[in-house]
>>> print(open('target-v6.cif').read())   # mmCIF, C-alpha atoms
data_final
#
loop_
_atom_site.label_atom_id
_atom_site.label_comp_id
_atom_site.auth_asym_id
_atom_site.auth_seq_id
_atom_site.Cartn_x
_atom_site.Cartn_y
_atom_site.Cartn_z
CA MET A 9 4.14 -17.29 6.85
CA ASN A 10 0.88 -18.12 5.09
CA MET A 11 -0.96 -14.96 4.04
CA PRO A 12 -4.16 -14.44 2.03
CA LYS A 13 -3.54 -12.98 -1.43
CA PRO A 14 -4.49 -9.32 -1.70
CA LYS A 15 -6.74 -8.44 -4.63
CA ILE A 16 -5.20 -5.51 -6.50
CA VAL A 17 -6.28 -3.37 -9.45
CA VAL A 18 -3.29 -2.62 -11.69
CA SER A 19 -2.84 -0.69 -14.90
CA ARG A 20 -2.73 -3.02 -17.92
CA CYS A 21 0.25 -1.22 -19.41
CA PHE A 22 2.49 -3.01 -16.88
CA PHE A 23 1.70 -6.26 -18.72
CA GLU A 24 0.34 -5.44 -22.17
CA HIS A 25 1.07 -3.03 -25.02
CA THR A 26 -1.80 -0.68 -24.17
CA ARG A 27 -0.01 2.67 -23.98
CA TYR A 28 -0.95 5.37 -26.49
CA ASP A 29 2.23 4.55 -28.45
CA GLY A 30 1.69 0.80 -28.23
CA GLY A 31 4.40 0.51 -25.60
CA ILE A 32 4.58 -1.39 -22.33
CA ILE A 33 5.84 -0.27 -18.91
CA SER A 34 8.36 -2.30 -16.93
CA SER A 35 7.74 -2.32 -13.17
CA GLU A 36 9.81 -4.57 -10.95
CA ILE A 37 7.45 -3.87 -8.06
CA VAL A 38 4.41 -5.05 -10.00
CA LYS A 39 6.29 -8.10 -11.28
CA ARG A 40 7.25 -9.14 -7.76
CA LEU A 41 3.76 -8.60 -6.41
CA GLU A 42 2.12 -10.75 -9.06
CA LYS A 43 3.31 -13.93 -7.28
CA TYR A 44 1.61 -12.87 -4.05
CA CYS A 45 -1.47 -11.00 -5.26
CA GLU A 46 -4.50 -11.48 -7.46
CA PHE A 47 -4.49 -8.80 -10.14
CA ILE A 48 -7.39 -7.10 -11.89
CA ARG A 49 -5.93 -5.41 -14.96
CA VAL A 50 -7.46 -2.26 -16.39
CA CYS A 51 -6.64 0.33 -19.04
CA PRO A 52 -9.36 2.99 -18.83
CA GLU A 53 -8.38 4.54 -22.14
CA VAL A 54 -8.77 1.26 -24.01
CA GLU A 55 -11.93 0.46 -22.07
CA ILE A 56 -13.62 3.64 -23.34
CA GLY A 57 -12.91 2.58 -26.91
CA LEU A 58 -9.61 4.25 -27.78
CA PRO A 59 -7.38 2.26 -30.15
CA ILE A 60 -3.77 1.08 -29.76
CA PRO A 61 -1.76 3.03 -30.78
CA ARG A 62 -3.78 6.23 -30.45
CA GLU A 63 -3.55 9.99 -30.42
CA PRO A 64 -2.37 11.12 -26.97
CA ILE A 65 -4.99 12.59 -24.68
CA ASP A 66 -4.52 15.09 -21.85
CA VAL A 67 -6.33 16.75 -18.98
CA PHE A 68 -7.34 20.37 -19.64
CA LEU A 69 -8.76 23.01 -17.33
CA ILE A 70 -11.62 24.55 -19.31
CA ASN A 71 -13.95 27.05 -17.59
CA ASN A 72 -12.63 25.76 -14.24
CA GLU A 73 -13.62 22.17 -15.08
CA LEU A 74 -11.34 19.23 -15.76
CA LYS A 75 -11.76 17.91 -19.29
CA LEU A 76 -10.19 14.88 -20.92
CA LEU A 77 -9.48 15.84 -24.54
CA ASN A 78 -7.36 14.85 -27.49
CA LYS A 79 -4.41 17.09 -28.32
CA ALA A 80 -6.39 19.09 -30.89
CA ARG A 81 -9.26 19.47 -28.39
CA THR A 82 -11.77 18.25 -30.94
CA VAL A 83 -12.88 15.14 -29.00
CA ASP A 84 -14.20 15.34 -25.43
CA LEU A 85 -13.77 12.04 -23.55
CA THR A 86 -14.62 13.37 -20.09
CA ASP A 87 -18.07 11.83 -19.67
CA LYS A 88 -16.97 8.52 -21.16
CA MET A 89 -14.12 8.27 -18.69
CA TYR A 90 -16.21 9.22 -15.67
CA ASN A 91 -18.98 6.79 -16.70
CA PHE A 92 -16.49 3.97 -17.12
CA ALA A 93 -14.87 4.78 -13.76
CA ASP A 94 -18.23 4.72 -11.96
CA GLY A 95 -19.16 1.38 -13.53
CA PHE A 96 -15.76 -0.12 -12.73
CA LEU A 97 -16.09 1.13 -9.18
CA GLU A 98 -19.38 -0.70 -8.66
CA ASN A 99 -17.80 -3.96 -9.83
CA VAL A 100 -14.82 -3.88 -7.48
CA LYS A 101 -16.04 -2.01 -4.39
CA GLY A 102 -15.76 -4.11 -1.25
CA SER A 103 -13.74 -6.84 -2.94
CA ILE A 104 -10.29 -5.28 -3.43
CA ASP A 105 -7.44 -4.23 -1.18
CA GLY A 106 -5.55 -1.71 -3.27
CA MET A 107 -4.57 -0.28 -6.65
CA ILE A 108 -1.32 0.41 -8.47
CA LEU A 109 -1.92 2.90 -11.27
CA LYS A 110 0.41 4.27 -13.93
CA SER A 111 2.06 7.51 -12.91
CA LYS A 112 1.69 10.69 -15.00
CA SER A 113 -1.15 9.22 -17.05
CA PRO A 114 -4.12 11.49 -17.97
CA SER A 115 -6.40 8.66 -16.88
CA CYS A 116 -4.45 6.91 -14.09
CA GLY A 117 -1.97 9.47 -12.72
CA LEU A 118 -2.14 10.32 -9.02
CA ASN A 119 -1.71 14.11 -8.96
CA ASP A 120 1.22 13.94 -11.39
CA ALA A 121 -0.54 14.12 -14.77
CA LYS A 122 0.07 17.31 -16.74
CA LEU A 123 -2.76 19.82 -16.53
CA TYR A 124 -3.12 22.08 -19.57
CA GLY A 125 -4.80 25.45 -19.59
CA GLU A 126 -7.09 26.83 -22.27
CA ASN A 127 -4.03 28.23 -24.06
CA GLY A 128 -2.65 24.70 -24.44
CA ARG A 129 0.21 25.23 -22.01
CA VAL A 130 0.95 23.20 -18.90
CA VAL A 131 -0.30 25.11 -15.86
CA SER A 132 0.00 22.53 -13.10
CA LYS A 133 -0.25 18.83 -12.22
CA THR A 134 -3.47 16.96 -11.55
CA ALA A 135 -4.96 13.52 -11.07
CA GLY A 136 -6.01 11.49 -14.09
CA LEU A 137 -9.80 11.30 -14.31
CA PHE A 138 -10.05 7.57 -13.61
CA ALA A 139 -7.64 7.84 -10.68
CA LYS A 140 -9.50 10.88 -9.35
CA THR A 141 -12.73 8.88 -9.19
CA MET A 142 -11.04 5.92 -7.49
CA VAL A 143 -9.35 8.04 -4.81
CA GLU A 144 -12.51 10.02 -4.06
CA LYS A 145 -14.89 7.07 -3.94
CA LEU A 146 -12.68 4.31 -2.54
CA PRO A 147 -11.13 5.86 0.59
CA GLU A 148 -11.16 2.45 2.28
CA ILE A 149 -8.33 1.00 0.15
CA ALA A 150 -4.72 1.92 -0.61
CA ILE A 151 -4.04 3.49 -4.01
CA GLU A 152 -0.53 4.19 -5.27
CA SER A 153 1.45 4.63 -8.48
CA GLU A 154 4.40 2.45 -9.47
CA MET A 155 6.77 5.41 -9.18
CA ARG A 156 5.68 6.41 -5.67
CA LEU A 157 6.26 2.80 -4.63
CA THR A 158 9.97 3.17 -5.37
CA ASN A 159 10.08 5.09 -2.07
CA ASP A 160 10.91 2.68 0.77
CA LYS A 161 8.50 4.18 3.30
CA ILE A 162 5.57 4.46 0.89
CA ARG A 163 6.19 0.89 -0.29
CA PHE A 164 6.25 -0.42 3.29
CA GLU A 165 2.97 1.33 4.09
CA PHE A 166 1.30 0.09 0.90
CA PHE A 167 2.45 -3.52 1.24
CA THR A 168 1.45 -3.58 4.90
CA PHE A 169 -1.98 -2.17 4.09
CA ILE A 170 -2.88 -4.57 1.28
CA PHE A 171 -1.77 -7.73 3.10
CA LYS A 172 -3.41 -6.82 6.41
CA HIS A 173 -6.58 -5.67 4.62
CA ALA A 174 -6.74 -8.91 2.65
CA GLU A 175 -6.25 -10.90 5.82
CA PHE A 176 -9.11 -9.03 7.48
CA ARG A 177 -11.41 -9.67 4.51
CA SER A 178 -10.89 -13.42 5.00
CA ILE A 179 -12.28 -13.36 8.56
CA LYS A 180 -15.43 -15.47 8.96
CA SER A 181 -15.79 -15.97 12.73
CA LYS A 182 -15.27 -14.33 16.11
CA ASN A 183 -12.31 -16.58 16.84
CA GLU A 184 -10.66 -15.49 13.61
CA LEU A 185 -11.23 -11.84 14.50
CA ILE A 186 -9.69 -12.39 17.94
CA GLU A 187 -6.70 -14.16 16.41
CA PHE A 188 -6.28 -11.41 13.79
CA HIS A 189 -6.25 -8.68 16.41
CA SER A 190 -3.95 -10.64 18.70
CA LYS A 191 -1.22 -11.49 16.21
CA ASN A 192 -1.20 -7.95 14.81
CA LYS A 193 -1.09 -6.27 18.23
CA TYR A 194 2.44 -4.91 18.01
CA LEU A 195 2.17 -3.89 14.37
CA PHE A 196 -1.00 -1.99 15.25
CA LEU A 197 0.70 -0.47 18.30
CA ALA A 198 3.46 0.88 16.05
CA LYS A 199 0.81 2.41 13.82
CA ASN A 200 -1.71 3.99 16.19
CA GLU A 201 -2.06 2.93 19.82
CA LYS A 202 -5.36 4.73 20.45
CA ILE A 203 -7.12 3.15 17.48
CA MET A 204 -5.59 -0.24 18.33
CA ARG A 205 -7.18 -0.08 21.79
CA ASP A 206 -10.52 1.03 20.35
CA MET A 207 -10.39 -1.95 18.01
CA GLY A 208 -9.64 -4.18 20.99
CA ARG A 209 -12.83 -2.98 22.69
CA ILE A 210 -14.84 -4.03 19.63
CA VAL A 211 -13.22 -7.48 19.69
CA ALA A 212 -14.06 -7.81 23.40
CA GLN A 213 -17.78 -7.31 22.76
CA LYS A 214 -20.07 -10.31 22.94
CA GLY A 215 -21.29 -11.97 19.78
CA PHE A 216 -20.20 -11.61 16.17
CA ASN A 217 -22.06 -9.86 13.37
CA ASP A 218 -21.68 -7.65 10.30
CA GLU A 219 -21.96 -4.45 12.32
CA MET A 220 -19.05 -5.53 14.49
CA LEU A 221 -16.94 -6.28 11.42
CA LYS A 222 -17.96 -3.02 9.78
CA GLY A 223 -16.95 -0.99 12.83
CA TYR A 224 -13.66 -2.85 13.19
CA HIS A 225 -12.93 -2.44 9.49
CA ALA A 226 -13.43 1.32 9.59
CA MET A 227 -10.94 1.60 12.42
CA LEU A 228 -8.53 -0.84 10.75
CA VAL A 229 -8.41 1.29 7.58
CA LYS A 230 -7.77 4.43 9.60
CA LEU A 231 -5.04 2.68 11.56
CA LEU A 232 -3.32 1.20 8.50
CA LYS A 233 -3.33 4.62 6.82
CA THR A 234 -1.49 6.12 9.79
CA PRO A 235 2.17 6.42 8.72
CA VAL A 236 4.63 4.64 10.99
CA LYS A 237 6.94 6.98 12.89
CA ARG A 238 10.34 6.01 14.28
CA SER A 239 9.37 7.12 17.80
CA LYS A 240 6.31 4.85 17.77
CA ILE A 241 8.35 1.94 16.43
CA ILE A 242 10.88 2.39 19.24
CA ASN A 243 8.04 2.43 21.78
CA THR A 244 6.73 -0.81 20.28
CA LEU A 245 10.17 -2.44 20.28
CA LEU A 246 10.53 -1.64 23.97
CA HIS A 247 7.11 -3.17 24.65
CA VAL A 248 8.24 -6.40 22.98
CA TYR A 249 11.55 -6.22 24.86
CA GLY A 250 9.52 -6.17 28.08
CA HIS A 251 8.63 -9.82 27.49
CA PHE A 252 12.31 -10.77 27.77
CA LYS A 253 13.99 -8.35 30.18
CA GLU A 254 13.61 -10.76 33.12
CA ILE A 255 15.01 -13.78 31.26
CA ILE A 256 17.97 -12.38 29.33
CA ASN A 257 21.38 -11.51 30.77
CA LEU A 258 22.87 -8.09 31.39
CA GLU A 259 25.07 -8.23 28.32
CA GLU A 260 22.08 -8.96 26.08
CA LYS A 261 20.13 -6.11 27.67
CA ALA A 262 22.99 -3.68 27.08
CA TYR A 263 23.41 -4.85 23.48
CA PHE A 264 19.72 -4.40 22.77
CA MET A 265 19.65 -0.90 24.25
CA ASP A 266 22.65 0.02 22.10
CA LEU A 267 20.76 -1.31 19.07
CA ILE A 268 17.75 0.83 19.93
CA GLU A 269 19.97 3.88 20.16
CA ASP A 270 21.63 3.02 16.83
CA TYR A 271 18.22 2.59 15.21
CA LYS A 272 17.08 5.91 16.65
CA ASN A 273 20.14 7.57 15.09
CA GLY A 274 19.76 5.81 11.73
CA ILE A 275 22.89 3.67 12.12
CA VAL A 276 21.09 0.32 11.88
CA ASN A 277 17.81 -0.57 10.20
CA LEU A 278 14.64 -1.84 11.83
CA GLN A 279 15.22 -5.41 10.67
CA SER A 280 18.42 -5.60 12.72
CA VAL A 281 16.50 -4.87 15.92
CA LEU A 282 13.59 -7.14 15.01
CA SER A 283 15.98 -10.02 14.30
CA VAL A 284 17.29 -9.91 17.87
CA LEU A 285 13.77 -9.90 19.33
CA LYS A 286 12.69 -12.75 17.04
CA SER A 287 15.73 -14.81 18.04
CA TRP A 288 14.84 -14.37 21.72
CA ALA A 289 11.25 -15.40 21.00
CA ILE A 290 12.48 -18.58 19.33
CA ARG A 291 15.09 -19.38 22.01
CA HIS A 292 12.66 -18.86 24.88
CA SER A 293 9.66 -20.46 23.10
CA GLU A 294 7.59 -17.26 23.29
CA SER A 295 5.03 -18.28 20.66
CA TYR A 296 2.86 -15.19 21.15
CA ILE A 297 5.80 -12.93 20.29
CA LYS A 298 7.25 -15.18 17.61
CA ASN A 299 3.97 -15.12 15.66
CA GLN A 300 3.53 -11.35 15.74
CA SER A 301 3.09 -9.81 12.29
CA LEU A 302 5.43 -6.98 13.29
CA PHE A 303 8.27 -9.26 12.22
CA GLU A 304 6.79 -9.89 8.77
CA PRO A 305 3.70 -7.82 7.87
CA TYR A 306 4.02 -8.97 4.25
CA PRO A 307 6.18 -11.60 2.45
CA ARG A 308 9.80 -10.68 3.10
CA GLU A 309 10.78 -11.53 -0.47
CA LEU A 310 9.07 -8.32 -1.52
CA ASP A 311 11.83 -6.33 0.17
CA ALA A 312 14.32 -7.67 -2.39
CA ILE A 313 12.96 -5.40 -5.13
CA ASP A 314 15.69 -3.75 -7.21
CA ILE A 315 14.38 -0.22 -6.99
CA LYS A 316 17.49 1.40 -8.49
CA ALA A 317 17.10 -0.60 -11.69
CA GLU A 318 13.45 0.36 -11.86
CA ILE A 319 14.21 4.06 -11.56
CA LYS A 320 16.80 3.82 -14.33
CA ASP A 321 14.30 2.04 -16.60
CA GLU A 322 11.73 4.76 -15.96
CA GLU A 323 14.27 7.50 -16.68
CA ARG A 324 15.22 5.88 -19.97
CA LEU A 325 11.56 5.66 -20.95
CA GLU A 326 11.03 9.33 -20.11
CA GLU A 327 14.03 10.28 -22.29
CA ARG A 328 12.60 8.36 -25.27
CA ASN A 329 9.25 10.13 -24.87
#
>>> encode(input="target-v6.cif", output="structure tokens")
Amino acid sequence: MNMPKPKIVVSRCFFEHTRYDGGIISSEIVKRLEKYCEFIRVCPEVEIGLPIPREPIDVFLINNELKLLNKARTVDLTDKMYNFADGFLENVKGSIDGMILKSKSPSCGLNDAKLYGENGRVVSKTAGLFAKTMVEKLPEIAIESEMRLTNDKIRFEFFTFIFKHAEFRSIKSKNELIEFHSKNKYLFLAKNEKIMRDMGRIVAQKGFNDEMLKGYHAMLVKLLKTPVKRSKIINTLLHVYGHFKEIINLEEKAYFMDLIEDYKNGIVNLQSVLSVLKSWAIRHSESYIKNQSLFEPYPRELDAIDIKAEIKDEERLEERN
């Protein structure tokens, strides 16, 4: 399936020796994505002038304010980091689909960077200052860390978001908007039926303009950020099954219903059920069903990521540090 390439901001340390110790981070997820995405690489710490290698920096809570300081607390980098983040934001806003930032980093961590108190002891976890700015000011994109993406559900949601968002950004005409909404119908149904129908009403309006796209986009983002639930997926699978129940035999019907029950109970995975529906669509020449993105919301090769190896690599790195 031909899909537009998502445009993704990624931490440079996944590719280059930009860590404070001159190291590099191995991420199988990022490596796999590079073939299918356009990457914008960034290391906020290097961008604000810090050398490689460098003295580690951390986030401190001083007088109830987050401060980015060196270990000795003699250099305050807070304003530099926020200024860089704001400038970076202006350059990428409206042109990207997501971000993958380095976990636990004082600049890029997503609520998992160490937060130090005035006594120099860890008091909690917090967002890195660059990541904090991105999350607060770019709610319309998906932002994750490489470690959170080792979770199957989070990875599915992130991949689905960036590829559908990139596809939407490529729309240039009313016909393309209609086609986009049509081929994503069942994926959107599995996400949020109410928003899907509201989006359909926008598509049904006469004409085509920026306001229409803006309204549709706002709903699309909200829909894509709705986590998929098993009950909603089952409802969607039964909707697709409705296209075939009059043309398949009793044995096939019984087998499919058993599959649904097995999926509900966690005995089989979603792909097993989808494969049966896709095979019926091919056999009965149901092009509308066959072309639904529900079967492949993003390149299927991305599901072959060796997450276990990635976790082991990360654990070894943590032990060395």
>>> closest_residue(input="target-v6.cif", among="A:Glu165, A:Lys110, A:Phe138, A:Ser301", to="A:Leu197", atoms="only C-alpha atoms")
A:Ser301
>>> atom_distance(input="target-v6.cif", atom1="atom CA of A:Thr26", atom2="atom CA of A:Lys88")
18.0 Å
>>> closest_residue(input="target-v6.cif", among="A:Lys15, A:Lys193, A:Lys161, A:Lys172", to="A:Met107", atoms="only C-alpha atoms")
A:Lys15
>>> resolve_selection(input="target-v6.cif", expression="the PyMOL selection byres ((chain A and resi 153) around 6)", output="NGL selection string")
:A and (108-111 or 152 or 154-156)
>>> closest_residue(input="target-v6.cif", among="A:Asn127, A:Ser181, A:Asn192, A:Gln279", to="A:Met207", atoms="only C-alpha atoms")
A:Asn192
>>> residues_around(input="target-v6.cif", residues="A:Pro61", least_positions_apart="3", cutoff="6 Å", atoms="all atoms listed in the file", output="JSON, numbers by chain")
{"A": [28, 29, 30]}
>>> closest_residue(input="target-v6.cif", among="A:Leu231, A:Gln213, A:Ser280, A:Phe171", to="A:Leu245", atoms="all atoms listed in the file")
A:Ser280
>>> closest_residue(input="target-v6.cif", among="A:Asn200, A:Thr234, A:Ser19, A:Ser103", to="A:His173", atoms="only C-alpha atoms")
A:Ser103
>>> atom_distance(input="target-v6.cif", atom1="atom CA of A:Ile104", atom2="atom CA of A:Arg177")
9.1 Å
>>> residues_around(input="target-v6.cif", residues="A:Phe92", least_positions_apart="5", cutoff="10 Å", atoms="only C-alpha atoms", output="PyMOL selection string")
chain A and resi 52-53+55-56+87+97+138
>>> write_last_selection(input="target-v6.cif", atoms="C-alpha atoms", output="PDB file, keeping the file's coordinate frame")
ATOM      1  CA  PRO A  52      -9.360   2.990 -18.830  1.00  0.00           C
ATOM      2  CA  GLU A  53      -8.380   4.540 -22.140  1.00  0.00           C
ATOM      3  CA  GLU A  55     -11.930   0.460 -22.070  1.00  0.00           C
ATOM      4  CA  ILE A  56     -13.620   3.640 -23.340  1.00  0.00           C
ATOM      5  CA  ASP A  87     -18.070  11.830 -19.670  1.00  0.00           C
ATOM      6  CA  LEU A  97     -16.090   1.130  -9.180  1.00  0.00           C
ATOM      7  CA  PHE A 138     -10.050   7.570 -13.610  1.00  0.00           C
TER       8      PHE A 138
END
>>> resolve_selection(input="target-v6.cif", expression="the PyMOL selection byres ((chain A and resi 166) around 12)", output="ChimeraX atom specification")
/A:14,16,37,41,105-108,149-154,156-165,167-173,229,232-236,305-306,310
>>> atom_distance(input="target-v6.cif", atom1="atom CA of A:Ser283", atom2="atom CA of A:His247")
15.3 Å
>>> resolve_selection(input="target-v6.cif", expression="the PyMOL selection byres ((chain A and resi 40) around 10)", output="PyMOL selection string")
chain A and resi 35-39+41-45+309-313
>>> residues_around(input="target-v6.cif", residues="stretch 261-265 of chain A", least_positions_apart="5", cutoff="9 Å", atoms="all atoms listed in the file", output="JSON, numbers by chain")
{"A": [249, 253, 256, 270, 281, 284, 285]}
>>> residues_near_point(input="target-v6.cif", point="(-10.1, -10.1, 20.2)", cutoff="7 Å", atoms="all atoms listed in the file", output="PyMOL selection string")
chain A and resi 185-187+189-190+208+211-212
>>> closest_residue(input="target-v6.cif", among="A:Glu46, A:Glu304, A:Asp206, A:Asp94", to="A:Pro12", atoms="only C-alpha atoms")
A:Glu46
>>> residues_around(input="target-v6.cif", residues="A:Lys122", least_positions_apart="5", cutoff="10 Å", atoms="all atoms listed in the file", output="NGL selection string")
:A and (66-68 or 112-114 or 117 or 129-136)
>>> residues_around(input="target-v6.cif", residues="A:Tyr194", least_positions_apart="4", cutoff="7 Å", atoms="all atoms listed in the file", output="list of chain:residue names")
A:Ala198, A:Thr244, A:Gln300, A:Leu302
